[in-house]
Every structure is written in structure tokens, then in C-alpha cells.
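Novice: Got a structure for you, target_7.csv, holding CSV, C-alpha atoms and all ligand atoms.
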chain,number,residue,atom,x,y,z
A,18,MET,CA,-11.9,-7.1,-19.6
A,19,ALA,CA,-8.7,-6.3,-17.8
A,20,LYS,CA,-5.5,-7.6,-19.4
A,21,LYS,CA,-3.9,-10.1,-17.0
A,22,PHE,CA,-0.4,-11.7,-17.0
A,23,TYR,CA,0.7,-14.9,-15.3
A,24,GLU,CA,3.9,-16.9,-14.8
A,25,LYS,CA,4.0,-18.0,-18.5
A,26,ASP,CA,3.8,-14.4,-19.7
A,27,ALA,CA,6.8,-13.2,-17.8
A,28,ASP,CA,10.5,-13.9,-18.4
A,29,LEU,CA,13.0,-13.4,-15.6
A,30,GLY,CA,15.7,-13.4,-18.3
A,31,TYR,CA,15.0,-9.7,-18.8
A,32,LEU,CA,16.6,-9.1,-15.4
A,33,LYS,CA,19.6,-11.4,-16.1
A,34,GLY,CA,22.9,-9.6,-15.7
A,35,LYS,CA,21.2,-6.6,-14.3
A,36,THR,CA,21.4,-5.1,-10.8
A,37,VAL,CA,18.2,-4.0,-9.1
A,38,ALA,CA,18.5,-1.3,-6.4
A,39,VAL,CA,15.7,-1.3,-4.0
A,40,VAL,CA,15.6,2.1,-2.4
A,41,GLY,CA,14.0,2.0,1.1
A,42,TYR,CA,13.7,-1.1,3.2
A,43,GLY,CA,10.3,-0.7,5.0
A,44,SER,CA,7.1,-2.5,4.4
A,45,GLN,CA,7.4,-3.0,0.6
A,46,GLY,CA,11.2,-2.7,0.4
A,47,HIS,CA,12.1,-5.6,2.7
A,48,ALA,CA,9.5,-7.9,1.0
A,49,GLN,CA,10.4,-7.0,-2.6
A,50,ALA,CA,14.1,-7.2,-2.1
A,51,GLN,CA,14.0,-10.6,-0.4
A,52,ASN,CA,11.5,-12.1,-2.9
A,53,LEU,CA,13.6,-10.9,-5.9
A,54,ARG,CA,16.8,-12.3,-4.4
A,55,GLU,CA,15.2,-15.7,-3.9
A,56,SER,CA,14.0,-15.6,-7.5
A,57,GLY,CA,17.7,-15.3,-8.5
A,58,VAL,CA,17.8,-11.6,-9.2
A,59,GLU,CA,20.9,-9.5,-8.2
A,60,VAL,CA,19.6,-7.0,-5.6
A,61,ILE,CA,21.3,-4.2,-3.6
A,62,VAL,CA,19.6,-1.9,-1.2
A,63,GLY,CA,19.8,1.9,-1.1
A,64,LEU,CA,19.3,3.8,2.2
A,65,ARG,CA,20.4,6.4,4.7
A,66,LYS,CA,22.2,5.2,7.9
A,67,GLY,CA,19.7,4.1,10.5
A,68,LYS,CA,17.3,1.3,11.5
A,69,SER,CA,16.5,0.1,8.1
A,70,TRP,CA,20.2,0.0,7.1
A,71,GLU,CA,21.0,-2.3,10.0
A,72,GLN,CA,18.0,-4.5,9.2
A,73,ALA,CA,18.9,-4.8,5.5
A,74,GLU,CA,22.5,-5.8,6.4
A,75,LYS,CA,21.3,-8.3,8.9
A,76,ASP,CA,19.2,-9.8,6.1
A,77,GLY,CA,22.4,-10.2,4.1
A,78,PHE,CA,22.1,-7.4,1.6
A,79,ALA,CA,24.8,-5.1,0.3
A,80,VAL,CA,23.6,-1.7,1.4
A,81,TYR,CA,24.7,1.6,0.0
A,82,THR,CA,23.7,5.2,0.3
A,83,VAL,CA,21.0,6.0,-2.2
A,84,ASP,CA,23.4,7.8,-4.7
A,85,GLN,CA,25.9,4.9,-4.6
A,86,ALA,CA,23.1,2.3,-5.1
A,87,VAL,CA,21.7,4.2,-8.0
A,88,LYS,CA,25.1,4.4,-9.7
A,89,ARG,CA,25.4,0.6,-9.6
A,90,ALA,CA,21.8,-0.1,-10.7
A,91,ASP,CA,20.1,-0.9,-13.9
A,92,VAL,CA,16.7,-0.9,-12.2
A,93,VAL,CA,15.9,1.4,-9.4
A,94,GLN,CA,12.8,0.7,-7.4
A,95,LEU,CA,11.7,3.6,-5.2
A,96,LEU,CA,10.2,2.2,-2.0
A,97,MET,CA,10.4,5.1,0.4
A,98,PRO,CA,7.3,6.9,1.7
A,99,ASP,CA,5.6,8.7,-1.2
A,100,GLU,CA,6.0,12.1,0.4
A,101,VAL,CA,9.9,11.9,0.6
A,102,GLN,CA,10.4,10.3,-2.8
A,103,ALA,CA,10.5,13.6,-4.9
A,104,LYS,CA,13.2,15.2,-2.7
A,105,VAL,CA,15.4,12.1,-2.6
A,106,TYR,CA,14.9,11.6,-6.3
A,107,ARG,CA,16.1,15.2,-7.1
A,108,GLU,CA,19.1,15.0,-4.8
A,109,GLN,CA,20.3,11.4,-4.9
A,110,VAL,CA,18.7,9.5,-7.7
A,111,ARG,CA,18.4,11.8,-10.8
A,112,PRO,CA,22.1,12.8,-10.9
A,113,HIS,CA,23.3,9.2,-10.9
A,114,LEU,CA,20.7,7.4,-13.0
A,115,LYS,CA,22.3,5.6,-15.9
A,116,SER,CA,21.0,6.2,-19.4
A,117,GLY,CA,18.9,3.3,-20.4
A,118,ALA,CA,18.2,2.3,-16.8
A,119,ALA,CA,14.7,1.8,-15.4
A,120,LEU,CA,12.9,3.7,-12.7
A,121,PHE,CA,10.3,1.6,-10.9
A,122,PHE,CA,7.5,2.6,-8.5
A,123,SER,CA,4.9,0.7,-6.5
A,124,HIS,CA,2.5,3.6,-6.4
A,125,GLY,CA,2.0,6.2,-9.2
A,126,PHE,CA,1.5,9.3,-7.0
A,127,ASN,CA,4.8,11.1,-7.7
A,128,ILE,CA,4.8,10.5,-11.5
A,129,HIS,CA,1.1,11.1,-12.0
A,130,PHE,CA,1.0,14.4,-10.0
A,131,GLY,CA,4.3,15.6,-11.6
A,132,GLN,CA,6.4,15.5,-8.5
A,133,ILE,CA,9.0,13.4,-10.3
A,134,VAL,CA,9.8,14.0,-13.9
A,135,PRO,CA,12.3,11.4,-15.1
A,136,PRO,CA,14.7,12.0,-18.1
A,137,GLU,CA,13.6,10.7,-21.5
A,138,ASP,CA,16.3,8.0,-21.7
A,139,VAL,CA,15.0,5.8,-18.8
A,140,ASP,CA,12.1,3.4,-18.6
A,141,VAL,CA,9.4,4.3,-16.1
A,142,VAL,CA,7.4,1.4,-14.8
A,143,LEU,CA,4.9,0.7,-12.0
A,144,VAL,CA,4.8,-2.7,-10.4
A,145,ALA,CA,2.5,-2.5,-7.4
A,146,PRO,CA,1.6,-5.5,-5.3
A,147,LYS,CA,-2.0,-5.2,-4.1
A,148,GLY,CA,-1.2,-6.0,-0.5
A,149,PRO,CA,0.9,-4.9,2.4
A,150,GLY,CA,4.6,-5.7,2.4
A,151,HIS,CA,4.6,-8.4,5.2
A,152,LEU,CA,2.0,-10.3,3.2
A,153,VAL,CA,4.0,-9.9,-0.1
A,154,ARG,CA,6.8,-11.6,1.8
A,155,ARG,CA,4.9,-14.3,3.7
A,156,VAL,CA,2.8,-15.4,0.7
A,157,TYR,CA,5.9,-15.7,-1.5
A,158,GLU,CA,7.6,-17.9,1.1
A,159,GLU,CA,4.5,-20.1,1.1
A,160,GLY,CA,4.9,-20.5,-2.6
A,161,PHE,CA,2.1,-18.2,-3.7
A,162,GLY,CA,2.0,-14.5,-4.6
A,163,VAL,CA,0.1,-11.3,-3.9
A,164,PRO,CA,-1.6,-10.1,-7.1
A,165,GLY,CA,-0.2,-6.9,-8.6
A,166,LEU,CA,-0.6,-4.1,-11.1
A,167,ILE,CA,1.7,-3.2,-13.9
A,168,ALA,CA,1.9,0.1,-15.9
A,169,VAL,CA,4.4,1.6,-18.2
A,170,HIS,CA,4.7,5.4,-18.2
A,171,GLN,CA,7.7,5.7,-20.4
A,172,ASP,CA,9.3,3.1,-22.6
A,173,ALA,CA,12.8,4.3,-23.5
A,174,THR,CA,14.4,0.9,-24.2
A,175,GLY,CA,11.4,-0.8,-26.0
A,176,GLN,CA,11.5,-3.5,-23.3
A,177,ALA,CA,9.9,-1.6,-20.4
A,178,LYS,CA,6.9,-3.9,-20.1
A,179,GLU,CA,8.9,-7.1,-20.4
A,180,LEU,CA,11.2,-5.8,-17.7
A,181,GLY,CA,8.2,-4.9,-15.5
A,182,LEU,CA,6.7,-8.3,-16.0
A,183,ALA,CA,10.1,-9.9,-15.1
A,184,TYR,CA,10.2,-7.8,-11.9
A,185,ALA,CA,6.6,-8.8,-11.1
A,186,LYS,CA,7.5,-12.4,-11.5
A,187,GLY,CA,10.5,-11.9,-9.3
A,188,ILE,CA,8.4,-10.7,-6.4
A,189,GLY,CA,5.9,-13.5,-6.9
A,190,ALA,CA,3.0,-11.4,-8.3
A,191,THR,CA,2.6,-13.3,-11.6
A,192,ARG,CA,1.8,-16.4,-9.5
A,193,ALA,CA,-1.5,-14.7,-8.6
A,194,GLY,CA,-1.9,-12.5,-11.7
A,195,VAL,CA,-0.8,-9.0,-12.7
A,196,ILE,CA,-3.3,-6.6,-14.2
A,197,GLU,CA,-2.3,-4.0,-16.7
A,198,THR,CA,-3.2,-0.4,-15.8
A,199,THR,CA,-1.9,3.1,-16.1
A,200,PHE,CA,-0.2,5.4,-13.6
A,201,LYS,CA,-3.3,7.5,-13.6
A,202,GLU,CA,-5.7,4.7,-12.9
A,203,GLU,CA,-3.6,3.1,-10.2
A,204,THR,CA,-3.0,6.4,-8.4
A,205,GLU,CA,-6.6,7.6,-8.5
A,206,THR,CA,-8.2,4.3,-7.6
A,207,ASP,CA,-5.7,3.6,-4.9
A,208,LEU,CA,-6.3,7.0,-3.3
A,209,PHE,CA,-10.0,6.7,-3.7
A,210,GLY,CA,-10.1,3.1,-2.2
A,211,GLU,CA,-8.1,4.1,0.9
A,212,GLN,CA,-10.1,7.3,1.5
A,213,ALA,CA,-13.6,6.3,0.7
A,214,VAL,CA,-13.7,2.7,1.7
A,215,LEU,CA,-10.7,0.9,3.1
A,216,CYS,CA,-9.4,3.4,5.6
A,217,GLY,CA,-11.5,6.5,5.8
A,218,GLY,CA,-14.9,5.0,5.1
A,219,VAL,CA,-14.5,2.0,7.4
A,220,SER,CA,-13.0,3.9,10.3
A,221,GLU,CA,-15.8,6.4,10.3
A,222,LEU,CA,-18.4,3.7,9.9
A,223,VAL,CA,-17.0,1.9,12.9
A,224,LYS,CA,-16.8,5.0,15.0
A,225,ALA,CA,-20.3,6.1,14.1
A,226,GLY,CA,-21.7,2.7,15.0
A,227,PHE,CA,-19.8,2.7,18.3
A,228,GLU,CA,-20.9,6.2,19.2
A,229,THR,CA,-24.5,5.5,18.3
A,230,LEU,CA,-24.6,2.5,20.7
A,231,THR,CA,-22.6,4.1,23.6
A,232,GLU,CA,-24.6,7.3,23.4
A,233,ALA,CA,-27.8,5.2,23.7
A,234,GLY,CA,-26.4,3.8,26.9
A,235,TYR,CA,-25.0,0.5,25.8
A,236,GLN,CA,-21.7,-0.7,27.3
A,237,PRO,CA,-18.6,0.4,25.3
A,238,GLU,CA,-17.1,-3.1,25.5
A,239,ILE,CA,-20.2,-4.6,23.8
A,240,ALA,CA,-20.2,-1.8,21.3
A,241,TYR,CA,-16.6,-2.4,20.5
A,242,PHE,CA,-17.2,-6.1,19.8
A,243,GLU,CA,-20.2,-5.4,17.6
A,244,CYS,CA,-18.8,-2.5,15.6
A,245,LEU,CA,-15.1,-3.3,15.3
A,246,HIS,CA,-13.9,-6.7,16.5
A,247,GLU,CA,-16.5,-8.6,14.4
A,248,LEU,CA,-15.6,-6.7,11.3
A,249,LYS,CA,-12.7,-8.9,10.7
A,250,LEU,CA,-14.8,-12.0,10.7
A,251,ILE,CA,-17.2,-10.5,8.2
A,252,VAL,CA,-14.4,-9.1,6.0
A,253,ASP,CA,-12.7,-12.5,5.9
A,254,LEU,CA,-15.9,-14.0,4.6
A,255,MET,CA,-16.2,-11.3,1.9
A,256,TYR,CA,-12.5,-11.9,1.0
A,257,GLU,CA,-13.2,-15.6,0.5
A,258,GLY,CA,-16.5,-15.5,-1.3
A,259,GLY,CA,-17.6,-11.9,-2.0
A,260,LEU,CA,-20.8,-10.4,-0.5
A,261,LYS,CA,-22.6,-13.6,-1.5
A,262,GLY,CA,-20.2,-15.8,0.5
A,263,MET,CA,-20.6,-13.5,3.5
A,264,ARG,CA,-24.4,-13.5,3.2
A,265,TYR,CA,-24.4,-17.3,3.0
A,266,SER,CA,-22.7,-17.6,6.3
A,267,ILE,CA,-24.6,-15.0,8.4
A,268,SER,CA,-28.1,-15.6,9.8
A,269,ASP,CA,-31.1,-14.8,7.7
A,270,THR,CA,-32.0,-12.2,10.3
A,271,ALA,CA,-28.6,-10.5,9.7
A,272,GLU,CA,-29.1,-10.8,6.0
A,273,PHE,CA,-32.5,-9.2,6.0
A,274,GLY,CA,-31.1,-6.4,8.2
A,275,ASP,CA,-28.2,-6.0,5.8
A,276,TYR,CA,-30.6,-5.6,2.8
A,277,VAL,CA,-33.1,-3.1,4.4
A,278,SER,CA,-30.8,-1.0,6.6
A,279,GLY,CA,-27.4,-0.9,4.9
A,280,LYS,CA,-28.8,1.4,2.1
A,281,ARG,CA,-30.1,3.8,4.7
A,282,VAL,CA,-26.7,4.2,6.4
A,283,ILE,CA,-24.8,4.5,3.1
A,284,GLY,CA,-27.4,6.4,1.2
A,285,GLU,CA,-27.5,9.2,-1.4
A,286,ALA,CA,-25.5,11.6,0.8
A,287,SER,CA,-22.6,9.2,1.2
A,288,ARG,CA,-22.6,8.4,-2.6
A,289,GLU,CA,-22.5,12.2,-3.3
A,290,ALA,CA,-19.6,12.6,-0.8
A,291,MET,CA,-17.8,9.7,-2.5
A,292,LYS,CA,-18.1,11.4,-5.9
A,293,GLN,CA,-16.8,14.7,-4.4
A,294,VAL,CA,-13.8,12.8,-2.9
A,295,LEU,CA,-13.1,11.2,-6.3
A,296,LYS,CA,-13.3,14.6,-8.0
A,297,GLU,CA,-10.8,16.1,-5.6
A,298,ILE,CA,-8.4,13.2,-6.2
A,299,GLN,CA,-8.8,13.5,-10.0
A,300,ASP,CA,-8.3,17.3,-10.2
A,301,GLY,CA,-5.3,17.2,-7.9
A,302,THR,CA,-6.9,19.0,-4.9
A,303,PHE,CA,-6.1,16.2,-2.5
A,304,ALA,CA,-2.5,15.8,-3.8
A,305,ASN,CA,-1.8,19.5,-3.5
A,306,ARG,CA,-3.2,19.5,0.0
A,307,TRP,CA,-1.1,16.5,1.1
A,308,ILE,CA,2.1,18.0,-0.5
A,309,ARG,CA,1.5,21.3,1.3
A,310,GLU,CA,0.7,19.5,4.5
A,311,ASN,CA,4.1,17.8,4.4
A,312,GLU,CA,5.9,21.1,3.5
A,313,GLU,CA,4.4,22.7,6.6
A,314,GLY,CA,5.4,20.0,9.0
A,315,ARG,CA,2.0,18.1,9.0
A,316,PRO,CA,0.0,20.3,11.4
A,317,GLU,CA,-3.4,18.9,10.4
A,318,PHE,CA,-2.2,15.3,10.2
A,319,ASN,CA,-0.7,15.5,13.7
A,320,ARG,CA,-3.6,17.2,15.2
A,321,ILE,CA,-6.2,14.7,13.9
A,322,ALA,CA,-4.0,11.7,14.7
A,323,GLU,CA,-3.9,12.9,18.4
A,324,GLU,CA,-7.6,13.3,18.5
A,325,GLU,CA,-8.2,9.9,17.0
A,326,LYS,CA,-5.9,8.1,19.4
A,327,ALA,CA,-7.8,9.5,22.3
A,328,HIS,CA,-11.2,8.3,21.1
A,329,SER,CA,-13.0,6.0,23.7
A,330,LEU,CA,-13.3,3.3,21.0
A,331,GLU,CA,-9.5,3.1,21.1
A,332,THR,CA,-9.1,3.1,24.9
A,333,THR,CA,-11.9,0.5,25.2
A,334,GLY,CA,-10.3,-1.7,22.5
A,335,GLU,CA,-6.8,-1.4,24.0
A,336,GLU,CA,-8.1,-2.9,27.3
A,337,LEU,CA,-10.0,-5.7,25.6
A,338,ARG,CA,-7.2,-6.7,23.3
A,339,LYS,CA,-4.9,-7.2,26.3
A,340,THR,CA,-6.7,-10.5,27.1
A,341,MET,CA,-6.7,-11.7,23.5
A,342,ALA,CA,-3.2,-13.0,23.1
A,343,TRP,CA,-3.6,-14.2,19.6
A,344,ILE,CA,-4.6,-10.7,18.3
A,345,ASN,CA,-1.6,-9.0,20.0
A,346,LYS,CA,0.7,-11.4,18.3
A,347,GLY,CA,-0.7,-10.7,14.9
A,348,ALA,CA,-0.8,-7.0,15.4
A,349,LYS,CA,2.9,-6.8,16.4
A,350,GLU,CA,3.9,-8.9,13.5
A,351,SER,CA,2.3,-6.5,11.0
A,352,VAL,CA,3.4,-3.3,12.7
A,353,THR,CA,7.1,-4.3,12.7
A,354,GLN,CA,7.1,-5.4,9.0
B,1,LIG,P1,7.8,2.5,4.4
B,1,LIG,O1,7.3,3.8,5.1
B,1,LIG,O2,7.5,1.2,5.0
B,1,LIG,O3,9.3,2.6,4.0
B,1,LIG,C1,10.2,3.4,4.6
B,1,LIG,C2,11.6,3.1,4.1
B,1,LIG,O4,12.1,4.2,3.4
B,1,LIG,C3,12.4,2.8,5.3
B,1,LIG,O5,13.4,1.8,5.0
B,1,LIG,C4,13.1,4.1,5.5
B,1,LIG,O6,14.4,4.0,6.1
B,1,LIG,C5,13.3,4.6,4.1
B,1,LIG,N1,13.5,6.0,3.9
B,1,LIG,C6,12.7,7.0,4.4
B,1,LIG,N2,13.2,8.2,4.1
B,1,LIG,C7,14.3,8.0,3.5
B,1,LIG,C8,15.3,8.8,2.9
B,1,LIG,N3,15.2,10.1,3.0
B,1,LIG,N4,16.4,8.2,2.3
B,1,LIG,C9,16.5,6.9,2.3
B,1,LIG,N5,15.6,6.1,2.8
B,1,LIG,C10,14.5,6.6,3.4
B,1,LIG,O7,7.2,2.6,2.9
B,1,LIG,P2,6.1,1.6,2.2
B,1,LIG,O8,6.8,0.3,2.0
B,1,LIG,O9,4.8,1.6,3.0
B,1,LIG,O10,5.9,2.3,0.9
B,1,LIG,C11,6.8,2.3,-0.2
B,1,LIG,C12,6.1,2.5,-1.5
B,1,LIG,O11,5.3,1.4,-1.7
B,1,LIG,C13,5.2,3.7,-1.5
B,1,LIG,O12,5.3,4.3,-2.8
B,1,LIG,C14,3.9,3.2,-1.3
B,1,LIG,O13,2.8,3.9,-1.8
B,1,LIG,C15,4.0,1.8,-2.0
B,1,LIG,N6,3.1,0.8,-1.5
B,1,LIG,C16,3.0,0.5,-0.2
B,1,LIG,C17,2.2,-0.6,0.3
B,1,LIG,C18,2.3,-1.0,1.7
B,1,LIG,O14,1.9,-2.1,1.9
B,1,LIG,N7,2.9,-0.3,2.6
B,1,LIG,C19,1.3,-1.3,-0.7
B,1,LIG,C20,1.5,-0.9,-2.0
B,1,LIG,C21,2.3,0.1,-2.4
B,1,LIG,P3,14.7,4.6,7.6
B,1,LIG,O15,14.6,3.4,8.5
B,1,LIG,O16,16.0,5.1,7.5
B,1,LIG,O17,13.6,5.6,8.0
B,2,MG,MG,-2.2,3.7,-1.0
B,3,MG,MG,-24.4,-9.9,15.7
Will you turn the file into C-alpha cells for me?
Ligand code: NDP
Ligand code: MG
Ligand code: MG

Specialist:
Amino acid sequence: MAKKFYEKDADLGYLKGKTVAVVGYGSQGHAQAQNLRESGVEVIVGLRKGKSWEQAEKDGFAVYTVDQAVKRADVVQLLMPDEVQAKVYREQVRPHLKSGAALFFSHGFNIHFGQIVPPEDVDVVLVAPKGPGHLVRRVYEEGFGVPGLIAVHQDATGQAKELGLAYAKGIGATRAGVIETTFKEETETDLFGEQAVLCGGVSELVKAGFETLTEAGYQPEIAYFECLHELKLIVDLMYEGGLKGMRYSISDTAEFGDYVSGKRVIGEASREAMKQVLKEIQDGTFANRWIRENEEGRPEFNRIAEEEKAHSLETTGEELRKTMAWINKGAKESVTQ
């Protein structure tokens, strides 16, 4: 059984008298910084001049360049995109990190794949909310929390875990529960989930269904509704009650079709492919490919992104969503967070 921590297991006192520097003010940064501040923690923000800097100041934070923020901090939470963290760490974090300070992450990639190797005299802790930043903020404001993960990579002070739990409490995660993990487990499962199921798997499933219907002569608008739009309604039911809850709500015809056809679509070949994807995550093949891709200016990323944007599923959806005002409102909200 996973080890879980709740409000009573975490003491904000471990952050008392300490300054937390949140480096990066994007999806996670804006949410974690604001939640911590409202929990009574002293928070400053580290950034480069630009859009985020202005936003963080508008939100009332003292904003510094990354090196200056790190100099002032006892806890440094790195919330920039994973692919820029190593360079910023080398140039602006490492030279200014105080002995006995703590280096925090919300994803284990750079530590697990050796892109950041911290000095021995700092704590290295992962506190990862299991949800996008705008939700971390909204749910906290509503008095709840997004569940999270905690892991300790290095315990220099003997209090790394207590400090991590205090931080998790500060962002609201212990209200929902924080599960203990390792940097390795968090990194590998996070990458696998987004590649095989949440982002890669679902996108291809939707596209394959859409193409199968349109190639067979059905109208793209109908195919869009069946294969993409309705997905949200089904996923909401799963989120609330698992597969069982979803199956309770759908018709018996849909349930029978689910049982007899789902396994044909995601059959042995897909399971084998998932195992191969997992293997390449575990042995570092994917990480190396992504690091190299960034070094080379993202040729493959940009080429595929362009192809994907031009897909008829996207152009069909764009037209249909124009008339669904409530969807556009929600989409804008999450894109800007
Ligand atoms: P974002 O892309 O939203 O954050 C970008 C932020 O980093 C911006 O404020 C940007 O500022 C700043 N930044 C970028 N480059 C630099 C730089 N060179 N120097 C200083 N600041 C810089 O990141 P996320 O919030 O998505 O991700 C942050 C971390 O959280 C990652 O480790 C990610 O894996 C993890 N995570 C993310 C989740 C999510 O929901 N997105 C969920 C769970 C974990 P500027 O405006 O100047 O570009
Ligand atoms: Mg991820
Ligand atoms: Mg139907």
C-alpha cells in the first residue's frame, strides 16, 4: 500500500522563518507561489524580464532575477519548463545556492536523468501536484487541494521530508493526500502516462476513430462529436466513479460494445507497444532523444506540431467550437494559466 500523508502529518512550522523562491511563474509557478503565500509562507519569485515578470509583480510578489532570488532563498522550487532547467541551474542557481538550503522540483526528469547534479550540502525534494497549475490554484481557493506526490532524493539536513511535507501543505496538497514515491518512479510513470495514455494514446485513439468514420463517408462534424467531444463526458464519469461509474451511466448497448470491441482496438499489439514505450523511458532512450531534440532547435517537434495542427479533425473542431460559447470560455481560461 502506498504511504499517504494528510494535513495532520505535515507541519508548516518547518517553513517558518524561511524564504521560498519559486523560479518560473507559469502554470505551476503562479499557482504554487500564490497558494504558499496564502498559507502564510514567505515567497519570492525568480525570473527573467518578460511577461511572467510583469504578471508576478501584478500579483504582488517581490520578483528578482534567478540568481538574486536564489541568494535570498532557503528553499528554491524550480518551476521552469523541464528542458531549460539544467542550463538555468548551472548558470544562475548552483553558484548562489546556500549550504543547507533545499532544492525542490515538481517533476523528477532532470534529477533522475542526471541533467542536474546538486551539491551534497542541500536537500533535494520533489513535491508534485497531480494536476495542471490552474487547477492547483482554483481548487486551493475553493478550500480543497489537488493530490500530490513527495519524494526525497537527498537529505542533507535530516529534515528534507518534513520540509517537503510542509511545502505540500502550503500548496494545499495534503488536504487531498500526498503519496510517497521516488524521483525514479515519479519520472518514469509521469512520462509513461502522458505518452501511452493521457496525451499520446488518447490523441491517436481519437484521430484513428475520426479517420475511420470520415474515410467510410460519414460527415466530419458527426465524427468529431462521436470521437472527441463526447470523450469529456465519458472521462468525467470515469473521474467520478472509475470505469464502473462510467459503465453505470452509459446504455447497456454501449456497455456491451465496450466489453466486446474495446479489447480488439487496444489489443496485444498496443500492449506490446506500451511495453516498448516504457522500456525506452526506463533505459533513457526517450530522455536522450528529447534532450538532443532541444539542443538541435526542435526540428522533429516543430514538424509534427505543424502536421497535427492541419489535421481535418482540428479544422472541423475549430468551426464547431465557435458556436459553443461555454467551451471557448473554459479553453481560454486554461490556456492562459
Ligand atoms: P511553464 O512552461 O508554464 O512555465 C514557464 C515559466 O518559466 C514562465 O514563467 C517562464 O517565464 C519561466 N522561464 C522559462 N525560461 C526561463 C528562463 N530561462 N529563466 C527564467 N524563467 C524562465 O512550466 P510548467 O508550470 O508547465 O512546468 C514547471 C514544472 O512543473 C516542470 O518541471 C513540469 O514538469 C512540472 N509540472 C507541470 C505541471 C503542469 O500542470 N504544467 C504538472 C505537474 C508538474 P517567461 O514568461 O519569461 O517565459
Ligand atoms: Mg509530465
Ligand atoms: Mg453514442

Novice: Using all atoms listed in the file, can you tell me which of A:Glu325, A:Met263, A:Lys147, A:Val101 comes closest to A:Ser220?

Specialist: A:Glu325

Novice: If you take only C-alpha atoms and all ligand atoms and a cut-off of 12 Å, which residues of chain A touch ligand MG 3 (chain B), and what are their nearest atom pairs and distances in Å to one decimal, in chain and number order, as a tab-separated table?

Specialist:
residue	atom	partner	partner_atom	distance
A:Ile239	CA	B:MG3	MG	10.6
A:Ala240	CA	B:MG3	MG	10.7
A:Tyr241	CA	B:MG3	MG	11.8
A:Phe242	CA	B:MG3	MG	9.1
A:Glu243	CA	B:MG3	MG	6.4
A:Cys244	CA	B:MG3	MG	9.3
A:Leu245	CA	B:MG3	MG	11.4
A:His246	CA	B:MG3	MG	11.0
A:Glu247	CA	B:MG3	MG	8.1
A:Leu248	CA	B:MG3	MG	10.3
A:Leu250	CA	B:MG3	MG	11.0
A:Ile251	CA	B:MG3	MG	10.4
A:Ile267	CA	B:MG3	MG	8.9
A:Ser268	CA	B:MG3	MG	9.0
A:Asp269	CA	B:MG3	MG	11.5
A:Thr270	CA	B:MG3	MG	9.6
A:Ala271	CA	B:MG3	MG	7.3
A:Glu272	CA	B:MG3	MG	10.8
A:Gly274	CA	B:MG3	MG	10.6
A:Asp275	CA	B:MG3	MG	11.3

Novice: Counting all atoms listed in the file, which residues in chain A sit no more than 6 Å from ligand LIG 1 (chain B)? For each one, give the nearest pair of atoms and the distance in Å, sorted by chain then residue number, as a tab-separated table.

Specialist:
residue	atom	partner	partner_atom	distance
A:Gly41	CA	B:LIG1	O4	3.7
A:Tyr42	CA	B:LIG1	O5	3.4
A:Gly43	CA	B:LIG1	O2	3.4
A:Ser44	CA	B:LIG1	O8	3.7
A:Gln45	CA	B:LIG1	O8	3.6
A:Gly46	CA	B:LIG1	O8	5.6
A:Leu64	CA	B:LIG1	C9	4.2
A:Arg65	CA	B:LIG1	C9	4.6
A:Gly67	CA	B:LIG1	O16	4.9
A:Lys68	CA	B:LIG1	O15	4.5
A:Ser69	CA	B:LIG1	O15	3.8
A:Leu96	CA	B:LIG1	C11	3.8
A:Met97	CA	B:LIG1	O4	3.6
A:Pro98	CA	B:LIG1	O7	4.5
A:Asp99	CA	B:LIG1	O12	4.7
A:Val105	CA	B:LIG1	N3	5.9
A:Ser123	CA	B:LIG1	C15	4.7
A:His124	CA	B:LIG1	O12	4.6
A:Ala145	CA	B:LIG1	C21	5.6
A:Pro146	CA	B:LIG1	C20	5.7
A:Lys147	CA	B:LIG1	C20	5.9
A:Gly148	CA	B:LIG1	C19	5.3
A:Pro149	CA	B:LIG1	O14	3.0
A:Gly150	CA	B:LIG1	O14	4.5

Novice: Those same residues, written as a PDB file, in the frame of the given file with C-alpha atoms?

Specialist:
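Listed below is the output, selection-v8.pdb:
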ATOM      1  CA  GLY A  41      14.000   2.000   1.100  1.00  0.00           C
ATOM      2  CA  TYR A  42      13.700  -1.100   3.200  1.00  0.00           C
ATOM      3  CA  GLY A  43      10.300  -0.700   5.000  1.00  0.00           C
ATOM      4  CA  SER A  44       7.100  -2.500   4.400  1.00  0.00           C
ATOM      5  CA  GLN A  45       7.400  -3.000   0.600  1.00  0.00           C
ATOM      6  CA  GLY A  46      11.200  -2.700   0.400  1.00  0.00           C
ATOM      7  CA  LEU A  64      19.300   3.800   2.200  1.00  0.00           C
ATOM      8  CA  ARG A  65      20.400   6.400   4.700  1.00  0.00           C
ATOM      9  CA  GLY A  67      19.700   4.100  10.500  1.00  0.00           C
ATOM     10  CA  LYS A  68      17.300   1.300  11.500  1.00  0.00           C
ATOM     11  CA  SER A  69      16.500   0.100   8.100  1.00  0.00           C
ATOM     12  CA  LEU A  96      10.200   2.200  -2.000  1.00  0.00           C
ATOM     13  CA  MET A  97      10.400   5.100   0.400  1.00  0.00           C
ATOM     14  CA  PRO A  98       7.300   6.900   1.700  1.00  0.00           C
ATOM     15  CA  ASP A  99       5.600   8.700  -1.200  1.00  0.00           C
ATOM     16  CA  VAL A 105      15.400  12.100  -2.600  1.00  0.00           C
ATOM     17  CA  SER A 123       4.900   0.700  -6.500  1.00  0.00           C
ATOM     18  CA  HIS A 124       2.500   3.600  -6.400  1.00  0.00           C
ATOM     19  CA  ALA A 145       2.500  -2.500  -7.400  1.00  0.00           C
ATOM     20  CA  PRO A 146       1.600  -5.500  -5.300  1.00  0.00           C
ATOM     21  CA  LYS A 147      -2.000  -5.200  -4.100  1.00  0.00           C
ATOM     22  CA  GLY A 148      -1.200  -6.000  -0.500  1.00  0.00           C
ATOM     23  CA  PRO A 149       0.900  -4.900   2.400  1.00  0.00           C
ATOM     24  CA  GLY A 150       4.600  -5.700   2.400  1.00  0.00           C
TER      25      GLY A 150
END

Novice: Could you pull out the residues sitting within 10 Å of ligand MG 2 (chain B), using only C-alpha atoms and all ligand atoms, and write them as a PyMOL selection string?

Specialist: chain A and resi 99+123-126+147-149+203-212+215-216

Novice: Report, in Å with one decimal, the straight-line distance from atom CA of A:Phe122 to atom CA of A:Leu143.

Specialist: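 Separation between atom CA of A:Phe122 and atom CA of A:Leu143: 4.8 Å.
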
Novice: Can you tell me how far atom CA of A:Phe130 sits from atom CA of A:Val110, in Å to one decimal?

Specialist: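 So the two atoms, atom CA of A:Phe130 and atom CA of A:Val110, lie 18.5 Å apart.
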
Novice: Restricting the calculation to only C-alpha atoms, which member of A:Val156, A:Glu100, A:Gly63, A:Gly218 is positioned closest to A:Glu312?

Specialist: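 Between A:Val156, A:Glu100, A:Gly63, A:Gly218, the residue approaching A:Glu312 most closely is A:Glu100.
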
Novice: Show me, as a compact mmCIF listing (two decimals) with C-alpha atoms, keeping the file's coordinate frame, the residues that have an atom within 9 Å of A:Gln102 when counting all atoms listed in the file, minus same-chain residues fewer than 6 positions from it.

Specialist:
# COMPACT_ATOMS: atom_id res chain seq x y z
CA LEU A 95 11.70 3.60 -5.20
CA LEU A 96 10.20 2.20 -2.00
CA ASN A 127 4.80 11.10 -7.70
CA GLN A 132 6.40 15.50 -8.50
CA ILE A 133 9.00 13.40 -10.30

Novice: Around (3.9, 3.5, -15.7) in the file's own coordinates, what residues are found within 7 Å if you use only C-alpha atoms, given back as a list in words?

Specialist: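 Output: Val141, Val142, Leu143, Ala168, Val169, His170, Gln171, Thr199 and Phe200 of chain A.
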